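Enquirer: The structure is given below, and queries will be raised subsequently.
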Amino acid sequence: MKLISVKNLTVARGGMPVLEGLNFDVSTGEILVLRGPNGVGKTTLLRTLAGLQPPYEGTVDAAPDTVAYAAHADGLKSTLTVRENLMFWAGVYGGRDIEPALRDFNLDSLSERPAGNLSAGQKRRLGLARLMVTHRPVWVLDEPTVSLDVASVALFAAAVKAHLASGGAAIIATHIQLGFEETVFDVTPYKARMDVVRDDFDEAFL
Amino acid sequence: MIRLFWRDLALAFRSGGGFGLGLGFFLILVTLVPFGVGPNSERLMAIAPGILWVGALLACLLSLDRIFALDFEDGSLDLLATAPIPLEGVVAVKALAHWITTGLPLVLAAPALGFLLHLDSAAYRWLMVTLLIGTPALSFIGAFGAALTVGLKRGGLLMSLLVLPLYIPTLIFGAEVIRRGAGGFLVATPLAMQAGITAGSVALLPFAAAAAIRVALR
């Protein structure tokens with residue numbers, strides 16, 4: 001089953017197209033790994049897929065409430081405890097059980113600690129645990145393994161596999177090998193050409 | 001949305017939260033005024049309504065940029081924008097939480113501070129009423145200003161410039177209600193105008209603020 005379908009998509013950052021002519025589908029049980037050098041537009045593409053910015057051209061077809069987005073910033077409140085942070089997001093997404101998420105990301109022993117006292121890797125794990133309480137089918141992840149150690153990367157990979165097994169999908173921008181059967185999608189050839197004159201350039205309205 | 005409301009209140013009351021900031025500022029301003037103006041009770045009585053309203057307004061302004069800037073910096077705003085809550089609801093809830101942590105304490109503390117300024121005894125009732133009706137407008141207009149400047153580093157100055165002119169009608173009508181109430185005149189007209197500004201801000205500005213945040217997140 002197709003969960004998200006991208007047709008002839010051009011994405012723009014600061015009003016300038018960075019990637020153009022993108023066509024791909026992501027179906028149930030599939031992992032799409034985006035690769036490409038820094039600054040090529042992977043984050044811009046992921047933000048467009050998450051609905052945070054409109055496509056410059058083309059369409060992103062997905063049912064409403066499909067995408068759960070996780071970026072470089074984890075959106076944690078440092079004065080709330082691990083449990084309170086996770087409970088808040090669980091509540092926002094319909095108030096379900098947070099215990100599986102705590103367990104799968106090995107946060108049980110940290111659950112009463114304020115998030116401000118966690119290490120960078122522990123914060124990241126909490127940020128990723130948030131994905132599990134959203135119960136959304138497509139995880140759109142931007143460099144999810146930054147500051148994770150080997151053991152935590154394994155936890156993360158296991159969580160992604162469990163998510164796929166339950167009918168989900170994932171689109172991940174990463175540079176490391178996560179060790180599952182993924183479709184690698186190198187976005188470099190889709191870099192927008194800068195020599196094309198675009199007559200609808202309207203910087204005044206950005 | 002209820003969750004967001006409780007989270008914002010919890011954050012405000014914990015260490016580093018905004019609760020007490022506005023109230024402390026209000027308290028300092030009002031206790032300093034008699035030292036600056038002199039202990040002449042006639043003169044204090046004449047300026048008390050204006051000082052109380054200006055103090056409430058500035059105290060409110062002090063904590064405005066925290067409404068969205070903190071969530072923007074730690075990435076929560078991105079996540080809230082992709083969450084199943086409408087962004088208009090996010091704005092309304094955050095403005096309401098701001099009012100409860102900033103505006104409501106001012107309303108409750110105002111009579112004690114009115115006493116320090118020799119406020120006319122007939123005016124206490126109107127001071128409470130007008131602050132209660134007027135301060136929600138300060139929070140909602142302020143949330144709009146905060147939303148417009150959310151993506152800017154050090155946007156506080158720009159936000160103050162945007163928000164202060166919008167605060168002036170509330171200030172004028174608020175001080176007018178207290179002055180008329182103290183003199184025993186009819187207060188219905190300025191009170192109705194002020195209530196109208198509040199109702200309009202609460203109804204319309206969450207939509208404008210949500211649109212501003214969407215642009216900022218692009």
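The chains in the structure tokens are called A, B, ... from first to last as shown; in each chain the residues are counted from 1, and the ligands are counted from 1 in the order shown.
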Sorted by chain and rising residue number, which residues of chain B lie within 9 Å of chain A, and what are their closest atom pairs and distances in Å to one decimal, counting only C-alpha atoms, as a tab-separated table?

Expert:
```
residue	atom	partner	partner_atom	distance
B:Met1	CA	A:Val92	CA	7.0
B:Ile2	CA	A:Val92	CA	8.7
B:Arg3	CA	A:Phe88	CA	6.2
B:Leu4	CA	A:Phe88	CA	7.3
B:Arg7	CA	A:Phe88	CA	7.1
B:Ala10	CA	A:Leu80	CA	8.2
B:Leu11	CA	A:Thr79	CA	6.9
B:Arg14	CA	A:Thr79	CA	6.7
B:Ser15	CA	A:Thr79	CA	7.2
B:Gly16	CA	A:Thr79	CA	8.2
B:Gly17	CA	A:Thr79	CA	8.9
B:Asp71	CA	A:Gly75	CA	7.3
B:Phe72	CA	A:Gly75	CA	8.6
B:Glu73	CA	A:Ala73	CA	8.2
B:Asp74	CA	A:Gly75	CA	4.9
B:Gly75	CA	A:Gly75	CA	4.4
B:Ser76	CA	A:Gly75	CA	4.0
B:Leu77	CA	A:Gly75	CA	7.6
B:Asp78	CA	A:Leu52	CA	7.3
B:Leu79	CA	A:Tyr69	CA	6.9
B:Leu80	CA	A:Val92	CA	8.7
B:Ala81	CA	A:Leu52	CA	7.2
B:Thr82	CA	A:Ala50	CA	6.9
B:Ala83	CA	A:Tyr93	CA	6.9
B:Pro84	CA	A:Tyr93	CA	6.5
B:Ile85	CA	A:Val92	CA	7.2
B:Arg214	CA	A:Leu52	CA	7.5
B:Val215	CA	A:Leu206	CA	8.2
B:Leu217	CA	A:Leu52	CA	6.6
B:Arg218	CA	A:Gln53	CA	4.7
```

Enquirer: As a ChimeraX atom specification, please: every residue in segment 2-163 of chain A that a backbone DSSP assignment puts in helix (DSSP H, G or I).

Expert: /A:42-49,82-92,99-104,108-110,115-117,120-134,150-163

Enquirer: Would you kindly return, as a tab-separated table (two decimals) with N, CA and C atoms, in the first residue's frame, each protein, DNA or RNA residue with an atom no farther than 8 Å from any atom of segment 43-45 of chain B, considering only C-alpha atoms and excluding same-chain residues fewer than 4 positions away?

Expert:
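Printed below is selection11.tsv as written:
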```
chain	number	residue	atom	x	y	z
B	34	PRO	N	5.80	56.07	44.13
B	34	PRO	CA	5.67	57.07	45.20
B	34	PRO	C	7.00	57.70	45.59
B	37	VAL	N	7.63	60.27	42.69
B	37	VAL	CA	6.68	61.37	42.54
B	37	VAL	C	6.55	62.16	43.85
B	39	PRO	N	5.39	61.86	48.26
B	39	PRO	CA	4.32	61.23	49.04
B	39	PRO	C	3.00	62.01	49.04
B	49	PRO	N	-4.55	55.53	38.48
B	49	PRO	CA	-5.13	54.65	37.44
B	49	PRO	C	-4.17	54.46	36.26
B	117	LEU	N	-0.69	53.41	46.10
B	117	LEU	CA	-0.76	54.63	45.30
B	117	LEU	C	-1.94	55.51	45.73
B	118	HIS	N	-2.50	55.23	46.92
B	118	HIS	CA	-3.64	56.02	47.41
B	118	HIS	C	-4.79	56.06	46.42
B	119	LEU	N	-5.04	54.95	45.79
B	119	LEU	CA	-6.15	54.91	44.84
B	119	LEU	C	-7.46	55.17	45.58
B	120	ASP	N	-8.32	55.93	44.94
B	120	ASP	CA	-9.62	56.26	45.52
B	120	ASP	C	-10.39	54.97	45.86
```

Enquirer: Tell me, as a PyMOL selection string, which residues lie within 9 Å of segment 140-145 of chain A, counting only C-alpha atoms; anything in the same chain fewer than 4 positions away does not count.

Expert: chain A and resi 42-43+46-47+49-50+67-72+121+124+128+149+152-153+156+169-176

Enquirer: Neighbouring residues of Thr170 of chain B were defined as those with any atom within 8 Å, considering only C-alpha atoms; residues of the same chain fewer than 4 positions away were excluded. Please report them as a list in words.

Expert: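 Once the adjacent positions are removed, what remains is Gly134, Ala137, Leu138, Gly174, Gln194 and Ile197 of chain B.
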
Enquirer: Dump N, CA and C atoms for the selected residues as an mmCIF file, in the first residue's frame?

Expert:
```
data_model
loop_
_atom_site.group_PDB
_atom_site.id
_atom_site.type_symbol
_atom_site.label_atom_id
_atom_site.label_comp_id
_atom_site.auth_asym_id
_atom_site.auth_seq_id
_atom_site.Cartn_x
_atom_site.Cartn_y
_atom_site.Cartn_z
ATOM 1 N N GLY B 134 -9.460 43.598 30.494
ATOM 2 C CA GLY B 134 -8.468 44.116 29.542
ATOM 3 C C GLY B 134 -7.252 43.233 29.350
ATOM 4 N N ALA B 137 -6.769 40.716 26.422
ATOM 5 C CA ALA B 137 -6.411 41.335 25.135
ATOM 6 C C ALA B 137 -4.905 41.521 25.049
ATOM 7 N N LEU B 138 -4.270 41.900 26.178
ATOM 8 C CA LEU B 138 -2.812 42.088 26.163
ATOM 9 C C LEU B 138 -2.123 40.780 25.789
ATOM 10 N N GLY B 174 -8.927 51.393 29.683
ATOM 11 C CA GLY B 174 -8.756 50.857 31.026
ATOM 12 C C GLY B 174 -8.575 51.956 32.059
ATOM 13 N N GLN B 194 -13.585 48.448 25.760
ATOM 14 C CA GLN B 194 -12.477 47.580 26.149
ATOM 15 C C GLN B 194 -12.855 46.104 25.994
ATOM 16 N N ILE B 197 -12.630 45.186 22.389
ATOM 17 C CA ILE B 197 -11.253 44.955 21.923
ATOM 18 C C ILE B 197 -10.799 43.566 22.345
#
```

Enquirer: Need to verify the contact set: Gly22 of chain B, 8 Å, only C-alpha atoms, exclusion of same-chain residues closer than 6 positions in sequence. Can you return it as a list in words?

Expert: Ala59, Cys60, Leu62, Ser63, Thr102 and Leu106 of chain B

Enquirer: Nearest to Leu191 of chain B: which of B:Leu152, B:Leu164, B:Val129, B:Ile51 is it, counting only C-alpha atoms?

Expert: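 So, comparing all the options, the nearest one is B:Val129.
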
Enquirer: Nearest to Ile133 of chain B: which of B:Pro190, B:Pro165, B:Gly36, B:Gly24 is it, counting only C-alpha atoms?

Expert: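 Closest to Ile133 of chain B, using only C-alpha atoms: B:Pro190.
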